[in-house]
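Source file: data.pdb; contents: PDB, C-alpha atoms.
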ATOM      1  CA  MET V 622      59.214  51.038  62.104
ATOM      2  CA  ALA V 623      59.715  48.813  65.126
ATOM      3  CA  CYS V 624      58.931  49.911  68.671
ATOM      4  CA  ASP V 625      58.396  48.388  72.078
ATOM      5  CA  LEU V 626      54.927  49.709  72.848
ATOM      6  CA  MET V 627      52.203  51.155  70.638
ATOM      7  CA  LEU V 628      48.886  52.631  71.752
ATOM      8  CA  ILE V 629      45.930  52.298  69.386
ATOM      9  CA  ALA V 630      42.950  54.535  70.119
ATOM     10  CA  TYR V 631      39.865  52.522  69.174
ATOM     11  CA  ASP V 632      36.177  53.491  69.199
ATOM     12  CA  GLY V 633      34.645  50.883  66.901
ATOM     13  CA  SER V 634      34.185  53.287  63.965
ATOM     14  CA  GLU V 635      35.185  52.346  60.427
ATOM     15  CA  ASN V 636      38.088  54.790  60.653
ATOM     16  CA  ALA V 637      39.300  53.210  63.898
ATOM     17  CA  LYS V 638      39.183  49.781  62.217
ATOM     18  CA  ARG V 639      41.190  51.230  59.338
ATOM     19  CA  ALA V 640      43.756  52.636  61.804
ATOM     20  CA  VAL V 641      44.212  49.169  63.372
ATOM     21  CA  GLU V 642      44.703  47.664  59.925
ATOM     22  CA  TYR V 643      47.336  50.273  59.027
ATOM     23  CA  ALA V 644      49.121  49.789  62.354
ATOM     24  CA  GLY V 645      49.404  46.067  61.639
ATOM     25  CA  ARG V 646      50.529  46.687  58.061
ATOM     26  CA  PHE V 647      53.130  49.410  58.613
ATOM     27  CA  LEU V 648      54.318  49.159  62.201
ATOM     28  CA  SER V 649      55.744  46.415  64.356
ATOM     29  CA  ALA V 650      55.743  46.536  68.116
ATOM     30  CA  THR V 651      56.581  44.193  70.936
ATOM     31  CA  LYS V 652      53.139  45.032  72.343
ATOM     32  CA  ALA V 653      50.118  47.009  71.163
ATOM     33  CA  VAL V 654      47.647  48.352  73.711
ATOM     34  CA  VAL V 655      44.189  48.919  72.246
ATOM     35  CA  LEU V 656      42.557  51.767  74.174
ATOM     36  CA  THR V 657      38.860  52.564  74.273
ATOM     37  CA  ALA V 658      37.993  55.708  76.222
ATOM     38  CA  TRP V 659      34.505  55.945  77.711
ATOM     39  CA  GLU V 660      32.420  58.501  79.532
ATOM     40  CA  PRO V 661      30.047  57.451  82.337
ATOM     41  CA  MET V 662      26.358  57.710  81.425
ATOM     42  CA  VAL V 663      25.709  60.169  84.263
ATOM     43  CA  ARG V 664      28.256  62.612  82.808
ATOM     44  CA  GLN V 665      26.956  62.042  79.272
ATOM     45  CA  ALA V 666      23.426  62.848  80.432
ATOM     46  CA  ALA V 667      24.649  65.935  82.288
ATOM     47  CA  ARG V 668      26.580  67.134  79.230
ATOM     48  CA  VAL V 669      23.630  66.576  76.897
ATOM     49  CA  SER V 670      21.195  68.348  79.220
ATOM     50  CA  GLY V 671      23.630  71.251  79.617
ATOM     51  CA  LEU V 672      24.129  70.709  83.344
ATOM     52  CA  SER V 673      27.487  70.466  85.013
ATOM     53  CA  GLY V 674      28.508  69.058  88.363
ATOM     54  CA  VAL V 675      25.482  66.772  88.488
ATOM     55  CA  MET V 676      25.555  64.196  91.233
ATOM     56  CA  GLN V 677      24.722  60.595  90.445
ATOM     57  CA  PRO V 678      20.924  60.189  90.569
ATOM     58  CA  GLU V 679      19.498  58.171  93.448
ATOM     59  CA  TRP V 680      17.838  55.667  91.114
ATOM     60  CA  VAL V 681      21.245  54.448  89.957
ATOM     61  CA  GLY V 682      22.286  51.662  92.286
ATOM     62  CA  ASP V 683      25.546  51.180  94.060
ATOM     63  CA  ASP V 684      28.837  50.001  92.600
ATOM     64  CA  GLU V 685      27.414  46.557  91.824
ATOM     65  CA  ILE V 686      25.717  47.952  88.732
ATOM     66  CA  GLU V 687      28.110  48.446  85.840
ATOM     67  CA  ASP V 688      27.752  51.603  83.806
ATOM     68  CA  ILE V 689      26.194  50.879  80.399
ATOM     69  CA  ALA V 690      28.839  53.041  78.724
ATOM     70  CA  TYR V 691      31.599  50.967  80.395
ATOM     71  CA  VAL V 692      30.020  47.687  79.302
ATOM     72  CA  ASP V 693      29.725  49.073  75.772
ATOM     73  CA  ALA V 694      33.356  50.256  75.841
ATOM     74  CA  LYS V 695      34.542  46.789  76.920
ATOM     75  CA  HIS V 696      32.700  45.190  73.960
ATOM     76  CA  ILE V 697      34.088  47.774  71.519
ATOM     77  CA  ASN V 698      37.566  47.323  72.971
ATOM     78  CA  ALA V 699      37.395  43.510  72.640
ATOM     79  CA  GLU V 700      36.579  43.955  68.950
ATOM     80  CA  GLY V 701      39.597  46.261  68.549
ATOM     81  CA  VAL V 702      41.894  43.753  70.249
ATOM     82  CA  ARG V 703      40.568  40.975  67.993
ATOM     83  CA  LEU V 704      41.194  43.110  64.869
ATOM     84  CA  ALA V 705      44.681  44.046  66.095
ATOM     85  CA  LYS V 706      45.555  40.370  66.605
ATOM     86  CA  LEU V 707      44.198  39.571  63.134
ATOM     87  CA  SER V 708      46.511  42.315  61.831
ATOM     88  CA  GLY V 709      49.464  40.508  63.393
ATOM     89  CA  LEU V 710      49.894  42.638  66.501
ATOM     90  CA  ASN V 711      50.525  41.349  70.020
ATOM     91  CA  ALA V 712      47.529  43.236  71.397
ATOM     92  CA  GLU V 713      46.071  43.700  74.847
ATOM     93  CA  ALA V 714      42.913  45.458  76.039
ATOM     94  CA  ARG V 715      42.683  48.739  77.921
ATOM     95  CA  THR V 716      39.743  51.003  78.711
ATOM     96  CA  ALA V 717      39.990  54.454  80.252
ATOM     97  CA  GLU V 718      37.252  56.486  81.888
ATOM     98  CA  CYS V 719      37.176  60.048  80.588
ATOM     99  CA  THR V 720      37.358  62.428  83.517
ATOM    100  CA  SER V 721      37.609  65.510  81.302
ATOM    101  CA  THR V 722      38.048  64.973  77.555
ATOM    102  CA  ILE V 723      38.639  61.975  75.330
ATOM    103  CA  TRP V 724      41.906  63.371  74.012
ATOM    104  CA  ASN V 725      43.048  63.884  77.617
ATOM    105  CA  ALA V 726      42.315  60.228  78.423
ATOM    106  CA  ILE V 727      44.369  59.114  75.404
ATOM    107  CA  VAL V 728      47.314  61.377  76.302
ATOM    108  CA  ASP V 729      47.179  60.316  79.977
ATOM    109  CA  VAL V 730      47.312  56.604  79.105
ATOM    110  CA  ALA V 731      50.101  57.225  76.565
ATOM    111  CA  ASP V 732      52.101  59.025  79.255
ATOM    112  CA  GLU V 733      51.323  56.434  81.929
ATOM    113  CA  LEU V 734      52.492  53.586  79.681
ATOM    114  CA  ASP V 735      55.299  55.660  78.106
ATOM    115  CA  VAL V 736      54.322  54.438  74.635
ATOM    116  CA  ASP V 737      56.572  54.860  71.613
ATOM    117  CA  ILE V 738      53.771  55.772  69.189
ATOM    118  CA  ILE V 739      50.023  56.437  69.163
ATOM    119  CA  VAL V 740      47.848  55.198  66.297
ATOM    120  CA  ALA V 741      44.461  56.798  65.680
ATOM    121  CA  GLY V 742      41.886  57.218  62.958
ATOM    122  CA  THR V 743      40.436  60.627  62.211
ATOM    123  CA  ARG V 744      36.834  61.736  61.768
ATOM    124  CA  GLY V 745      35.249  58.708  63.415
ATOM    125  CA  ALA V 746      31.563  58.101  63.994
ATOM    126  CA  THR V 747      29.413  61.053  64.995
ATOM    127  CA  GLY V 748      27.351  61.357  68.133
ATOM    128  CA  MET V 749      28.003  60.369  71.718
ATOM    129  CA  ARG V 750      29.830  57.147  70.828
ATOM    130  CA  ALA V 751      32.389  58.966  68.699
ATOM    131  CA  LEU V 752      35.964  58.729  69.855
ATOM    132  CA  LEU V 753      38.010  60.369  67.190
ATOM    133  CA  HIS V 754      36.534  63.473  65.702
ATOM    134  CA  SER V 755      39.267  65.331  63.891
ATOM    135  CA  SER V 756      39.355  67.791  66.814
ATOM    136  CA  VAL V 757      40.215  64.926  69.197
ATOM    137  CA  ALA V 758      43.013  63.726  66.912
ATOM    138  CA  GLU V 759      44.272  67.302  66.574
ATOM    139  CA  ALA V 760      44.231  67.787  70.363
ATOM    140  CA  VAL V 761      46.167  64.542  70.899
ATOM    141  CA  LEU V 762      48.692  65.685  68.302
ATOM    142  CA  LYS V 763      49.006  69.108  69.965
ATOM    143  CA  HIS V 764      49.273  67.918  73.579
ATOM    144  CA  CYS V 765      50.975  64.534  73.415
ATOM    145  CA  HIS V 766      54.542  65.191  72.206
ATOM    146  CA  ARG V 767      54.878  61.584  71.033
ATOM    147  CA  PRO V 768      54.989  60.215  67.494
ATOM    148  CA  ILE V 769      51.487  59.686  66.137
ATOM    149  CA  LEU V 770      50.219  57.776  63.127
ATOM    150  CA  LEU V 771      46.941  59.425  62.093
ATOM    151  CA  VAL V 772      44.961  57.401  59.568
ATOM    152  CA  PRO V 773      42.440  59.435  57.590
ATOM    153  CA  PRO V 774      39.244  57.993  56.128
ATOM    154  CA  PRO V 775      39.618  56.514  52.656
ATOM    155  CA  GLY V 776      39.550  59.070  49.857
ATOM    156  CA  LYS V 777      36.888  59.079  47.228
ATOM    157  CA  PRO V 778      37.707  56.674  44.401
ATOM    158  CA  PRO V 779      38.674  58.453  41.193
ATOM    159  CA  ALA V 780      35.756  59.005  38.856
ATOM    160  CA  ASP V 781      35.699  56.725  35.846
ATOM    161  CA  HIS V 782      36.303  58.706  32.707
ATOM    162  CA  GLU V 783      35.057  57.387  29.446
ATOM    163  CA  HIS V 784      37.571  57.509  26.635
TER     164      HIS V 784
END

Starting from the coordinates I provided, produce the structure as structure tokens.
Amino acid sequence: MACDLMLIAYDGSENAKRAVEYAGRFLSATKAVVLTAWEPMVRQAARVSGLSGVMQPEWVGDDEIEDIAYVDAKHINAEGVRLAKLSGLNAEARTAECTSTIWNAIVDVADELDVDIIVAGTRGATGMRALLHSSVAEAVLKHCHRPILLVPPPGKPPADHEH
């Protein structure tokens, strides 16, 4: 399948790497945008502690200090772009700050760029760095109304049977 613009959701997990590989193997696009969504540390801390509407603490400096989560997202995103290029895609970097949910950030960027297809892995890493839990992939599928290539984790290899 050939398209003008593809969006690859990338979080650095093994399943995200697999999704990039499959995108390069099965799809061709004039351009592939590798997207890493990130959530500011202040919001992560508020979510973990169960608080909502928390203001930025005073000990965090002004805008000159980059958010650790943003710096991390840029590094993860650069890896995704490198893998996409190795897979033969004309890739460019994109990060998006999550203002509500990760799936919302993915859908918003897809709509903003008017992409032809979204590529995503399912059941990514667990914990705060996870991008694509199956629920995120399902929400993107439900809310996006664009073609989506969902790449599941590899299946278990068949058991060797002795003859």

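Between CA of Glu718 in chain V and CA of Arg646 in chain V the interatomic distance comes to 29.0 Å.
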
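Here CA of Val761 in chain V is placed at a distance of 25.4 Å from CA of Gly709 in chain V.
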
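Put simply, CA of Ile629 in chain V is 4.8 Å away from CA of Val655 in chain V.
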
- Item | Within 12 Å of Phe647 in chain V using only C-alpha atoms, minus same-chain residues under 2 positions, as a ChimeraX atom specification | /V:622-624,640-645,649-650,708-710,740,770,772

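What the PyMOL selection byres ((chain V and resi 638) around 10) grabs from this file is Ala630, Tyr631, Asp632, Gly633, Ser634, Glu635, Asn636, Ala637, Arg639, Ala640, Val641, Glu642, Tyr643, Ala644, Glu700, Gly701, Leu704, Ala705, Ala741, Gly742, Gly745 and Val772 of chain V.
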
- Care to translate the PyMOL selection byres ((chain V and resi 717) around 8) into actual residues of this file, as a PyMOL selection string? chain V and resi 656-659+715-716+718-719+726+730

- Query: Skipping near chain neighbours, those fewer than 6 positions away, what residues fall within 6 Å of Ala653 in chain V using only C-alpha atoms, listed as a ChimeraX atom specification?
  - Reply: /V:626-628,711-712

The centre and edge lengths of an axis-aligned box containing all atoms of range 687-690 of chain V present in the file, extended by 6 Å on each side, are to be given in Å to one decimal, as lines of an AutoDock Vina configuration file.
center_x = 27.5
center_y = 50.7
center_z = 82.3
size_x = 14.6
size_y = 16.6
size_z = 19.1

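The set of residues that the PyMOL selection byres ((chain V and resi 735) around 12) takes from this file is V:Cys624, V:Asp625, V:Leu626, V:Met627, V:Leu628, V:Val654, V:Ile727, V:Val728, V:Asp729, V:Val730, V:Ala731, V:Asp732, V:Glu733, V:Leu734, V:Val736, V:Asp737, V:Ile738, V:Ile739, V:Cys765, V:His766, V:Arg767, V:Pro768.
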
- Query: Near Asp688 in chain V, within 8 Å and counting all atoms listed in the file, which residues show up once chain neighbours fewer than 4 positions away are dropped, as a list in words?
  - Reply: Pro661, Met662 and Val692 of chain V

- Note on the structure: Of V:Gly776, V:Trp724, V:Val663, V:Ala699, the one nearest to Ala758 in chain V when counting all atoms listed in the file is V:Trp724

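Residue nearest Thr651 in chain V, chosen from V:Leu707, V:Ile697, V:Glu713, V:Ile689 and counting all atoms listed in the file: V:Glu713.
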